[in-house]
file data32.csv (CSV, C-alpha atoms and all ligand atoms)
chain,number,residue,atom,x,y,z
P,24,MET,CA,182.4,-172.7,79.3
P,25,LYS,CA,182.3,-174.0,75.8
P,26,ILE,CA,182.4,-177.7,75.0
P,27,TYR,CA,184.1,-179.0,71.8
P,28,LEU,CA,183.8,-182.3,70.1
P,29,ALA,CA,187.3,-183.8,69.7
P,30,PRO,CA,188.5,-184.9,66.3
P,31,MET,CA,188.7,-188.7,66.2
P,32,GLU,CA,189.9,-190.2,63.0
P,33,GLY,CA,187.7,-193.0,61.8
P,34,ILE,CA,185.0,-192.2,64.4
P,35,THR,CA,183.8,-188.6,64.6
P,36,ASN,CA,183.4,-188.3,60.8
P,37,PHE,CA,180.8,-186.2,59.1
P,38,ILE,CA,178.1,-188.9,59.5
P,39,PHE,CA,178.8,-189.4,63.2
P,40,ARG,CA,178.8,-185.6,63.8
P,41,ARG,CA,175.6,-185.0,61.9
P,42,VAL,CA,173.7,-187.8,63.6
P,43,TYR,CA,175.1,-187.1,67.0
P,44,LEU,CA,174.2,-183.4,66.9
P,45,ARG,CA,170.7,-184.2,65.9
P,46,HIS,CA,170.2,-186.3,69.0
P,47,PHE,CA,172.2,-184.5,71.7
P,48,ARG,CA,172.8,-181.0,72.9
P,49,GLY,CA,175.7,-179.4,74.6
P,50,ILE,CA,178.4,-179.3,71.9
P,51,ASP,CA,179.3,-175.8,70.7
P,52,THR,CA,181.7,-176.7,68.0
P,53,SER,CA,183.0,-179.9,66.4
P,54,TYR,CA,186.4,-180.4,65.0
P,55,THR,CA,186.8,-182.7,62.0
P,56,PRO,CA,189.3,-185.6,62.1
P,57,PHE,CA,192.5,-184.5,60.5
P,58,ILE,CA,192.5,-183.8,56.8
P,59,VAL,CA,195.8,-184.2,55.1
P,60,ALA,CA,197.1,-181.2,53.2
P,61,ASN,CA,199.8,-182.6,50.9
P,62,GLN,CA,202.0,-181.0,48.3
P,63,THR,CA,199.6,-182.0,45.4
P,64,PHE,CA,197.2,-179.3,46.6
P,65,SER,CA,194.3,-181.6,46.5
P,66,PHE,CA,192.1,-183.5,48.9
P,67,LYS,CA,190.9,-187.1,48.7
P,68,THR,CA,187.1,-187.6,48.2
P,69,GLY,CA,186.6,-188.9,51.7
P,70,GLU,CA,188.3,-185.8,53.1
P,71,LYS,CA,186.2,-183.5,51.0
P,72,ARG,CA,183.1,-185.1,52.5
P,73,GLU,CA,184.3,-184.0,55.9
P,74,VAL,CA,183.9,-180.3,55.0
P,75,MET,CA,181.4,-180.3,52.1
P,76,PRO,CA,178.8,-179.0,52.1
P,77,PHE,CA,179.8,-176.3,54.6
P,78,THR,CA,178.4,-176.9,58.1
P,79,ASP,CA,178.1,-174.3,60.8
P,80,ASN,CA,180.0,-174.8,64.0
P,81,THR,CA,182.5,-177.1,62.4
P,82,VAL,CA,186.2,-176.5,62.3
P,83,PRO,CA,188.3,-178.4,59.7
P,84,GLN,CA,191.5,-179.8,61.2
P,85,ILE,CA,194.5,-179.9,58.9
P,86,LEU,CA,197.5,-182.1,59.2
P,87,SER,CA,200.6,-180.8,57.3
P,88,ASN,CA,204.2,-179.9,58.0
P,89,ASN,CA,204.5,-178.0,54.8
P,90,PRO,CA,203.5,-174.3,55.2
P,91,ASP,CA,202.5,-173.8,51.6
P,92,SER,CA,200.2,-176.8,51.7
P,93,PHE,CA,198.7,-175.6,55.0
P,94,VAL,CA,198.1,-172.1,53.6
P,95,TRP,CA,196.5,-173.6,50.5
P,96,ALA,CA,194.3,-175.8,52.6
P,97,ALA,CA,193.3,-173.0,55.0
P,98,LYS,CA,192.3,-170.8,52.0
P,99,TYR,CA,190.3,-173.6,50.5
P,100,MET,CA,188.4,-174.0,53.8
P,101,LYS,CA,187.8,-170.2,53.9
P,102,GLU,CA,186.3,-170.3,50.4
P,103,LEU,CA,183.9,-173.0,51.6
P,104,GLY,CA,182.8,-170.7,54.4
P,105,TYR,CA,184.9,-171.8,57.4
P,106,THR,CA,186.1,-169.1,59.7
P,107,GLU,CA,188.6,-171.2,61.6
P,108,VAL,CA,191.0,-174.0,60.7
P,109,ASN,CA,192.9,-176.1,63.2
P,110,LEU,CA,196.5,-177.2,63.0
P,111,ASN,CA,197.2,-180.8,64.2
P,112,LEU,CA,200.3,-180.8,66.4
P,113,GLY,CA,199.0,-183.7,68.6
P,114,CYS,CA,198.7,-186.9,66.6
P,115,PRO,CA,201.1,-189.4,68.1
P,116,SER,CA,200.6,-192.3,65.6
P,117,PRO,CA,204.0,-193.5,64.3
P,118,THR,CA,202.8,-193.2,60.7
P,119,VAL,CA,202.1,-189.5,61.3
P,120,SER,CA,204.6,-188.4,63.9
P,121,GLY,CA,207.3,-190.5,62.5
P,122,ARG,CA,207.1,-188.5,59.3
P,123,GLY,CA,207.4,-185.3,61.2
P,124,ARG,CA,203.7,-184.4,61.2
P,125,GLY,CA,201.2,-184.0,64.0
P,126,ALA,CA,203.0,-184.3,67.4
P,127,GLY,CA,206.2,-185.2,65.4
P,128,MET,CA,206.4,-181.4,64.6
P,129,LEU,CA,207.3,-180.8,68.3
P,130,LYS,CA,210.6,-182.7,67.8
P,131,ASP,CA,212.1,-179.8,65.9
P,132,LEU,CA,211.0,-176.5,67.4
P,133,GLU,CA,213.1,-174.4,65.0
P,134,LYS,CA,211.4,-176.0,62.1
P,135,LEU,CA,208.0,-175.5,63.8
P,136,ASP,CA,208.8,-171.9,64.4
P,137,ALA,CA,209.6,-171.4,60.7
P,138,PHE,CA,206.4,-173.2,59.7
P,139,LEU,CA,204.3,-171.0,61.9
P,140,ASP,CA,206.1,-167.9,60.7
P,141,LYS,CA,205.2,-168.7,57.1
P,142,VAL,CA,201.6,-169.6,57.9
P,143,PHE,CA,201.0,-166.5,60.0
P,144,SER,CA,202.6,-164.2,57.4
P,145,ALA,CA,200.2,-165.4,54.7
P,146,GLU,CA,197.4,-163.1,53.7
P,147,GLY,CA,193.7,-164.1,53.5
P,148,LEU,CA,193.6,-167.0,55.9
P,149,PRO,CA,190.7,-167.8,58.2
P,150,SER,CA,191.7,-167.7,61.9
P,151,VAL,CA,194.1,-170.5,62.9
P,152,SER,CA,193.9,-172.5,66.1
P,153,VAL,CA,196.1,-175.3,67.2
P,154,LYS,CA,195.6,-178.7,68.9
P,155,THR,CA,198.8,-179.6,70.6
P,156,ARG,CA,200.6,-182.0,72.9
P,157,VAL,CA,202.9,-180.6,75.5
P,158,GLY,CA,206.2,-182.2,74.4
P,159,VAL,CA,207.8,-185.3,72.9
P,160,GLU,CA,209.8,-187.0,75.7
P,161,ASP,CA,210.1,-184.6,78.6
P,162,PRO,CA,207.5,-182.4,80.4
P,163,ALA,CA,210.1,-179.6,80.6
P,164,GLU,CA,209.8,-179.2,76.8
P,165,VAL,CA,206.5,-177.4,77.4
P,166,ASN,CA,208.4,-174.2,78.3
P,167,ALA,CA,210.1,-173.9,74.9
P,168,ILE,CA,206.8,-174.8,73.1
P,169,THR,CA,204.8,-172.1,74.8
P,170,GLU,CA,207.6,-169.6,74.0
P,171,ILE,CA,207.1,-170.4,70.3
P,172,TYR,CA,203.3,-170.3,70.4
P,173,LYS,CA,203.4,-166.9,72.2
P,174,LYS,CA,204.9,-165.4,69.0
P,175,TYR,CA,201.7,-166.1,67.0
P,176,PRO,CA,198.1,-164.9,67.1
P,177,PHE,CA,196.4,-168.3,67.5
P,178,ASP,CA,192.7,-168.0,67.7
P,179,LYS,CA,192.6,-170.8,70.3
P,180,ILE,CA,195.1,-173.2,71.8
P,181,ILE,CA,193.6,-176.6,72.5
P,182,VAL,CA,196.0,-178.5,74.8
P,183,HIS,CA,196.1,-182.2,75.2
P,184,PRO,CA,198.5,-182.3,78.1
P,185,ARG,CA,200.3,-185.5,77.3
P,186,LEU,CA,203.7,-186.0,75.7
P,187,LEU,CA,204.1,-187.8,72.3
P,188,LYS,CA,205.6,-190.7,74.2
P,189,ASP,CA,202.6,-191.0,76.5
P,190,LEU,CA,200.3,-191.8,73.5
P,191,TYR,CA,196.9,-191.9,75.4
P,192,LYS,CA,198.2,-193.6,78.5
P,193,GLY,CA,198.9,-192.4,82.0
P,194,SER,CA,197.3,-189.4,83.7
P,195,VAL,CA,197.0,-186.1,81.9
P,196,ARG,CA,199.9,-183.7,82.9
P,197,LYS,CA,198.0,-180.9,84.5
P,198,ASP,CA,201.2,-179.2,85.5
P,199,CYS,CA,202.1,-178.8,81.8
P,200,PHE,CA,198.6,-177.3,81.2
P,201,ARG,CA,199.4,-174.9,84.0
P,202,VAL,CA,202.4,-173.6,82.1
P,203,PHE,CA,200.0,-172.7,79.2
P,204,TYR,CA,197.6,-171.2,81.7
P,205,GLU,CA,200.4,-168.9,83.1
P,206,ASN,CA,201.5,-167.9,79.7
P,207,PHE,CA,198.4,-167.1,77.7
P,208,GLU,CA,195.1,-165.3,78.1
P,209,SER,CA,192.9,-167.9,79.8
P,210,ASP,CA,190.1,-167.4,77.3
P,211,LYS,CA,192.3,-168.7,74.5
P,212,LEU,CA,192.8,-172.0,76.1
P,213,VAL,CA,190.9,-175.3,75.8
P,214,PHE,CA,191.6,-178.3,78.0
P,215,ASN,CA,191.4,-181.7,76.3
P,216,GLY,CA,192.0,-185.1,77.9
P,217,ASP,CA,190.3,-187.6,80.1
P,218,ILE,CA,187.1,-185.6,80.8
P,219,ASN,CA,184.7,-188.5,81.4
P,220,THR,CA,182.2,-187.1,83.8
P,221,ALA,CA,180.6,-183.7,84.7
P,222,GLN,CA,182.7,-183.7,87.8
P,223,ASP,CA,185.9,-184.0,85.8
P,224,ALA,CA,184.8,-180.9,83.8
P,225,MET,CA,183.9,-179.0,86.9
P,226,LYS,CA,187.2,-179.7,88.4
P,227,ILE,CA,189.0,-178.4,85.4
P,228,ALA,CA,186.8,-175.2,85.5
P,229,GLU,CA,187.7,-174.8,89.1
P,230,GLU,CA,191.4,-175.4,88.7
P,231,PHE,CA,191.7,-173.2,85.6
P,232,PRO,CA,189.1,-170.4,85.9
P,233,GLY,CA,188.3,-168.5,82.8
P,234,ILE,CA,189.4,-171.0,80.2
P,235,ASP,CA,187.4,-170.9,76.9
P,236,GLY,CA,186.3,-174.5,77.3
P,237,ILE,CA,187.0,-178.2,77.3
P,238,MET,CA,187.1,-180.7,74.5
P,239,THR,CA,185.9,-184.2,74.9
P,240,GLY,CA,186.4,-187.3,72.7
P,241,ARG,CA,186.4,-190.7,74.4
P,242,GLY,CA,184.2,-189.4,77.3
P,243,LEU,CA,181.5,-188.4,74.9
P,244,LEU,CA,181.7,-191.7,73.0
P,245,ALA,CA,181.3,-193.6,76.3
P,246,ASP,CA,178.4,-191.3,77.4
P,247,PRO,CA,176.8,-189.3,74.6
P,248,LEU,CA,174.9,-187.3,77.2
P,249,LEU,CA,178.2,-186.0,78.7
P,250,PRO,CA,178.1,-182.5,77.1
P,251,GLU,CA,174.4,-182.0,78.3
P,252,LYS,CA,175.5,-183.1,81.8
P,253,ILE,CA,178.5,-180.8,81.9
P,254,LYS,CA,176.4,-177.8,80.7
P,255,ALA,CA,173.8,-178.6,83.4
P,256,ALA,CA,176.5,-179.0,86.0
P,257,VAL,CA,178.4,-175.7,85.3
P,258,SER,CA,175.2,-173.6,85.0
P,259,ASP,CA,173.5,-174.9,88.0
P,260,ASP,CA,174.5,-174.7,91.7
P,261,THR,CA,172.0,-177.4,92.7
P,262,ILE,CA,173.1,-180.4,90.7
P,263,SER,CA,170.6,-183.2,90.3
P,264,GLU,CA,171.5,-186.8,90.9
P,265,ASP,CA,170.9,-187.5,87.2
P,266,VAL,CA,173.7,-185.2,86.2
P,267,LEU,CA,176.1,-186.8,88.6
P,268,GLN,CA,175.4,-190.4,87.9
P,269,THR,CA,177.9,-192.0,85.6
P,270,SER,CA,175.9,-194.9,84.3
P,271,VAL,CA,173.0,-194.1,82.1
P,272,SER,CA,169.3,-194.1,83.1
P,273,LYS,CA,166.5,-195.9,81.2
P,274,ASP,CA,165.5,-192.6,79.6
P,275,ALA,CA,169.0,-191.9,78.5
P,276,SER,CA,169.3,-195.5,77.1
P,277,ALA,CA,166.3,-195.0,74.9
P,278,ARG,CA,167.8,-191.8,73.5
P,279,ILE,CA,171.1,-193.5,72.9
P,280,LEU,CA,169.3,-196.4,71.2
P,281,ALA,CA,167.5,-193.9,68.9
P,282,PHE,CA,170.8,-192.3,68.1
P,283,LEU,CA,172.4,-195.6,67.3
P,284,ASP,CA,169.5,-196.7,65.0
P,285,ASP,CA,169.8,-193.4,63.2
P,286,LEU,CA,173.5,-193.8,62.9
P,287,TRP,CA,173.2,-197.3,61.5
P,288,ASP,CA,170.8,-196.0,58.8
P,289,GLU,CA,173.1,-193.1,57.8
P,290,TYR,CA,176.2,-195.3,57.7
P,291,ALA,CA,174.3,-197.8,55.6
P,292,ALA,CA,173.5,-195.1,53.0
P,293,TYR,CA,177.3,-194.4,52.6
P,294,LEU,CA,179.1,-197.7,53.3
P,295,SER,CA,178.9,-200.7,51.1
P,296,GLY,CA,177.1,-203.3,53.2
P,297,ASP,CA,176.2,-204.4,56.7
P,298,ALA,CA,179.7,-205.7,57.5
P,299,ASP,CA,181.2,-202.2,57.1
P,300,VAL,CA,178.4,-200.6,59.2
P,301,LEU,CA,178.8,-203.3,61.8
P,302,SER,CA,182.5,-202.6,62.1
P,303,LYS,CA,181.8,-198.9,62.7
P,304,MET,CA,179.2,-199.8,65.4
P,305,LYS,CA,181.6,-202.2,67.0
P,306,GLU,CA,184.2,-199.5,67.3
P,307,LEU,CA,181.7,-197.1,68.9
P,308,TRP,CA,180.6,-199.8,71.3
P,309,SER,CA,184.2,-200.3,72.4
P,310,TYR,CA,183.7,-196.9,74.2
P,311,LEU,CA,180.0,-196.9,74.8
P,312,TYR,CA,179.8,-200.1,76.8
P,313,ARG,CA,181.5,-198.4,79.8
P,314,SER,CA,178.4,-196.4,80.7
P,315,PHE,CA,176.1,-199.5,81.0
P,316,ASP,CA,175.9,-201.6,84.1
P,317,ASP,CA,175.8,-204.7,81.9
P,318,GLY,CA,178.2,-203.1,79.4
P,319,GLU,CA,180.6,-206.1,79.2
P,320,SER,CA,177.9,-208.5,78.1
P,321,ILE,CA,176.4,-206.0,75.6
P,322,LEU,CA,179.9,-205.5,74.1
P,323,LYS,CA,180.4,-209.2,73.9
P,324,ALA,CA,177.1,-209.7,72.0
P,325,VAL,CA,177.8,-206.7,69.7
P,326,ARG,CA,181.3,-208.0,68.9
P,327,LYS,CA,179.9,-211.5,68.1
P,328,ALA,CA,177.3,-210.0,65.7
P,329,ARG,CA,177.6,-210.9,62.1
P,330,THR,CA,174.4,-209.4,60.8
P,331,ARG,CA,172.2,-206.4,61.6
P,332,GLN,CA,169.7,-208.7,63.2
P,333,ASP,CA,172.4,-210.1,65.6
P,334,TYR,CA,173.5,-206.6,66.3
P,335,ILE,CA,170.1,-205.3,67.1
P,336,ILE,CA,169.5,-208.2,69.5
P,337,GLY,CA,172.8,-207.6,71.2
P,338,ALA,CA,172.6,-203.8,71.4
P,339,ARG,CA,168.9,-203.7,72.3
P,340,HIS,CA,168.8,-205.9,75.3
P,341,PHE,CA,170.1,-203.1,77.6
P,342,VAL,CA,166.8,-201.2,77.3
P,343,LEU,CA,164.5,-204.1,77.5
P,401,LIG,C1,190.8,-193.3,67.6
P,401,LIG,C2,191.3,-191.9,67.8
P,401,LIG,C3,191.4,-191.0,66.8
P,401,LIG,C4,191.9,-189.7,67.0
P,401,LIG,N1,192.0,-188.8,65.9
P,401,LIG,C5,192.4,-187.6,66.1
P,401,LIG,C6,192.5,-186.6,65.0
P,401,LIG,O1,192.2,-186.9,63.8
P,401,LIG,N2,193.0,-185.4,65.3
P,401,LIG,C7,193.4,-185.0,66.5
P,401,LIG,O2,193.8,-183.9,66.8
P,401,LIG,N3,193.3,-185.9,67.6
P,401,LIG,C8,192.8,-187.1,67.4
P,401,LIG,N4,192.7,-188.0,68.4
P,401,LIG,C9,192.9,-187.4,69.8
P,401,LIG,C10,191.6,-186.9,70.4
P,401,LIG,O3,191.1,-185.8,69.7
P,401,LIG,C11,191.8,-186.5,71.9
P,401,LIG,O4,192.8,-185.5,71.9
P,401,LIG,C12,192.2,-187.6,72.8
P,401,LIG,O5,191.3,-188.7,72.6
P,401,LIG,C13,192.2,-187.2,74.3
P,401,LIG,O6,190.9,-186.7,74.6
P,401,LIG,P1,189.8,-187.6,75.3
P,401,LIG,O7,190.4,-188.1,76.6
P,401,LIG,O8,188.6,-186.7,75.6
P,401,LIG,O9,189.4,-188.7,74.4
P,401,LIG,C14,192.2,-189.3,68.3
P,401,LIG,C15,192.1,-190.2,69.3
P,401,LIG,C16,191.7,-191.4,69.1
P,401,LIG,C17,191.6,-192.4,70.3

call {"tool": "encode", "arguments": {"input": "data32.csv", "output": "structure tokens"}}
result
Amino acid sequence: MKIYLAPMEGITNFIFRRVYLRHFRGIDTSYTPFIVANQTFSFKTGEKREVMPFTDNTVPQILSNNPDSFVWAAKYMKELGYTEVNLNLGCPSPTVSGRGRGAGMLKDLEKLDAFLDKVFSAEGLPSVSVKTRVGVEDPAEVNAITEIYKKYPFDKIIVHPRLLKDLYKGSVRKDCFRVFYENFESDKLVFNGDINTAQDAMKIAEEFPGIDGIMTGRGLLADPLLPEKIKAAVSDDTISEDVLQTSVSKDASARILAFLDDLWDEYAAYLSGDADVLSKMKELWSYLYRSFDDGESILKAVRKARTRQDYIIGARHFVL
């Protein structure tokens, strides 16, 4: 079973991905946060940095509701060397979905069908995958959505089984994922959402045998060793205690600390001062703290930090 790093705008950017992959194993492919393909046929500098230079095992994710712009962007990515591009049909943020992009494209299925028809009729594209929610308001919408997707040769269908209106709250709707499971070859499907432990991943593998993989975002931010633990759990019948424990061991803490130090240095080289780097680290800690027994107090210290020195003292005390 493959493990994919979820796109997370503002977090899993090119710096995060590069440093993360240097320190931890288990991720097969990383998806970039969404890159907007607009009608000017140009990308912003920050977006170009997500895909340039070409990096192996990375898939650019494109956000667009205009088929010509999407086709332009997909060809651009192909020229850079990418063999797959991913269409964002999942973003629930009002600034995105309210303008009929991301999960907002699920509101008008006729328009979505016309969009996909144009995209899949274009010549010379890399393969196209999709990351999708299962509806807007009502779980029954999943039936019409799968009927549309069935018409097109998606390379992969990554399903975050929540509705647009769910945002990131409530339980994932496994019954909606099952509709996909019943309608597509299982090895085209990727399950995304609330996979926070190796057990969660094993449960998905058991419930949906043969799926291509799982994608993890917040779970990996909370426990950077999660993909290693999942790989160990799915390939081994005798699972060690270490794999099953949800809080991190001393050894794992030291690895996480080395990763964070490296991440600080790489952010410092790109951002314009400690305050900007600190705000990135604080965002990351808002997920990471959950894996530590004294996480709340670490988070408090990190949030209070105003300088690198304060931050180091706050973040380090968990391994001392
Ligand atoms: C801060 C944040 C940014 C996100 N940015 C993106 C994005 O750029 N593209 C996308 O498809 N999904 C995005 N997502 C959704 C995640 O990729 C993922 O689907 C969601 O977090 C559920 O998976 P998880 O429970 O493993 O985190 C974002 C989620 C969060 C919380």

call {"tool": "residues_near_ligand", "arguments": {"input": "data32.csv", "ligand": "ligand LIG 401 (chain P)", "cutoff": "7 Å", "atoms": "only C-alpha atoms and all ligand atoms", "output": "PyMOL selection string"}}
result
chain P and resi 29-34+56-57+111+113-114+154+183+191+215-218+238-242

call {"tool": "residues_around", "arguments": {"input": "data32.csv", "residues": "segment 308-321 of chain P", "least_positions_apart": "6", "cutoff": "12 Å", "atoms": "only C-alpha atoms", "output": "ChimeraX atom specification"}}
result
/P:34,219-220,240-249,268-273,275-276,279-280,283,301-302,327-328,333-342

call {"tool": "closest_atom_pairs", "arguments": {"input": "data32.csv", "of": "segment 158-258 of chain P", "to": "segment 136-144 of chain P", "cutoff": "12 Å", "atoms": "only C-alpha atoms", "output": "tab-separated table"}}
result
residue	atom	partner	partner_atom	distance
P:Ala167	CA	P:Asp136	CA	10.8
P:Ile168	CA	P:Asp136	CA	9.4
P:Thr169	CA	P:Asp136	CA	11.1
P:Glu170	CA	P:Asp136	CA	9.9
P:Ile171	CA	P:Asp136	CA	6.3
P:Tyr172	CA	P:Asp136	CA	8.3
P:Lys173	CA	P:Asp136	CA	10.7
P:Lys174	CA	P:Asp140	CA	8.8
P:Tyr175	CA	P:Phe143	CA	7.0
P:Pro176	CA	P:Phe143	CA	7.8
P:Phe177	CA	P:Phe143	CA	9.0
P:Asp178	CA	P:Phe143	CA	11.4

call {"tool": "residues_around", "arguments": {"input": "data32.csv", "residues": "segment 186-189 of chain P", "least_positions_apart": "3", "cutoff": "9 Å", "atoms": "all atoms listed in the file", "output": "PyMOL selection string"}}
result
chain P and resi 113-116+120+126-127+129+156-162+183+192-193+196

call {"tool": "atom_distance", "arguments": {"input": "data32.csv", "atom1": "atom CA of Asn109 of chain P", "atom2": "atom CA of Ile58 of chain P"}}
result
10.0 Å

call {"tool": "closest_residue", "arguments": {"input": "data32.csv", "among": "P:Lys305, P:Lys179, P:Lys211, P:His46", "to": "Ala324 of chain P", "atoms": "all atoms listed in the file"}}
result
P:Lys305

call {"tool": "residues_around", "arguments": {"input": "data32.csv", "residues": "Asn89 of chain P", "least_positions_apart": "3", "cutoff": "12 Å", "atoms": "all atoms listed in the file", "output": "PDB file with C-alpha atoms, in the frame of the given file"}}
result
ATOM      1  CA  VAL P  59     195.800-184.200  55.100  1.00  0.00           C
ATOM      2  CA  ALA P  60     197.100-181.200  53.200  1.00  0.00           C
ATOM      3  CA  ASN P  61     199.800-182.600  50.900  1.00  0.00           C
ATOM      4  CA  GLN P  62     202.000-181.000  48.300  1.00  0.00           C
ATOM      5  CA  THR P  63     199.600-182.000  45.400  1.00  0.00           C
ATOM      6  CA  PHE P  64     197.200-179.300  46.600  1.00  0.00           C
ATOM      7  CA  ILE P  85     194.500-179.900  58.900  1.00  0.00           C
ATOM      8  CA  LEU P  86     197.500-182.100  59.200  1.00  0.00           C
ATOM      9  CA  SER P  92     200.200-176.800  51.700  1.00  0.00           C
ATOM     10  CA  PHE P  93     198.700-175.600  55.000  1.00  0.00           C
ATOM     11  CA  VAL P  94     198.100-172.100  53.600  1.00  0.00           C
ATOM     12  CA  TRP P  95     196.500-173.600  50.500  1.00  0.00           C
ATOM     13  CA  ALA P  96     194.300-175.800  52.600  1.00  0.00           C
ATOM     14  CA  LEU P 110     196.500-177.200  63.000  1.00  0.00           C
ATOM     15  CA  ARG P 122     207.100-188.500  59.300  1.00  0.00           C
ATOM     16  CA  GLY P 123     207.400-185.300  61.200  1.00  0.00           C
ATOM     17  CA  ARG P 124     203.700-184.400  61.200  1.00  0.00           C
ATOM     18  CA  GLY P 125     201.200-184.000  64.000  1.00  0.00           C
ATOM     19  CA  MET P 128     206.400-181.400  64.600  1.00  0.00           C
ATOM     20  CA  LYS P 134     211.400-176.000  62.100  1.00  0.00           C
ATOM     21  CA  LEU P 135     208.000-175.500  63.800  1.00  0.00           C
ATOM     22  CA  ALA P 137     209.600-171.400  60.700  1.00  0.00           C
ATOM     23  CA  PHE P 138     206.400-173.200  59.700  1.00  0.00           C
ATOM     24  CA  LEU P 139     204.300-171.000  61.900  1.00  0.00           C
ATOM     25  CA  ASP P 140     206.100-167.900  60.700  1.00  0.00           C
ATOM     26  CA  LYS P 141     205.200-168.700  57.100  1.00  0.00           C
ATOM     27  CA  VAL P 142     201.600-169.600  57.900  1.00  0.00           C
TER      28      VAL P 142
END

call {"tool": "closest_residue", "arguments": {"input": "data32.csv", "among": "P:Val108, P:Leu132, P:Val300, P:Ile237", "to": "Val151 of chain P", "atoms": "only C-alpha atoms"}}
result
P:Val108

call {"tool": "atom_distance", "arguments": {"input": "data32.csv", "atom1": "atom CA of Arg185 of chain P", "atom2": "atom CA of Cys199 of chain P"}}
result
8.3 Å

call {"tool": "atom_distance", "arguments": {"input": "data32.csv", "atom1": "atom CA of Ala292 of chain P", "atom2": "atom CA of Phe39 of chain P"}}
result
12.8 Å

call {"tool": "residues_around", "arguments": {"input": "data32.csv", "residues": "Arg40 of chain P", "least_positions_apart": "4", "cutoff": "10 Å", "atoms": "only C-alpha atoms", "output": "PyMOL selection string"}}
result
chain P and resi 28+34-36+44-45+53-55+73+81+286

call {"tool": "closest_residue", "arguments": {"input": "data32.csv", "among": "P:Thr330, P:Gly49, P:Pro149, P:Tyr27", "to": "Gly104 of chain P", "atoms": "all atoms listed in the file"}}
result
P:Pro149

call {"tool": "residues_around", "arguments": {"input": "data32.csv", "residues": "Gly233 of chain P", "least_positions_apart": "4", "cutoff": "10 Å", "atoms": "all atoms listed in the file", "output": "list in words"}}
result
Met24, Tyr204, Glu208, Ser209, Asp210, Lys211, Leu212, Ala228 and Glu229 of chain P

call {"tool": "closest_residue", "arguments": {"input": "data32.csv", "among": "P:Lys323, P:Lys252, P:Met304, P:Asp299", "to": "Asp284 of chain P", "atoms": "all atoms listed in the file"}}
result
P:Met304
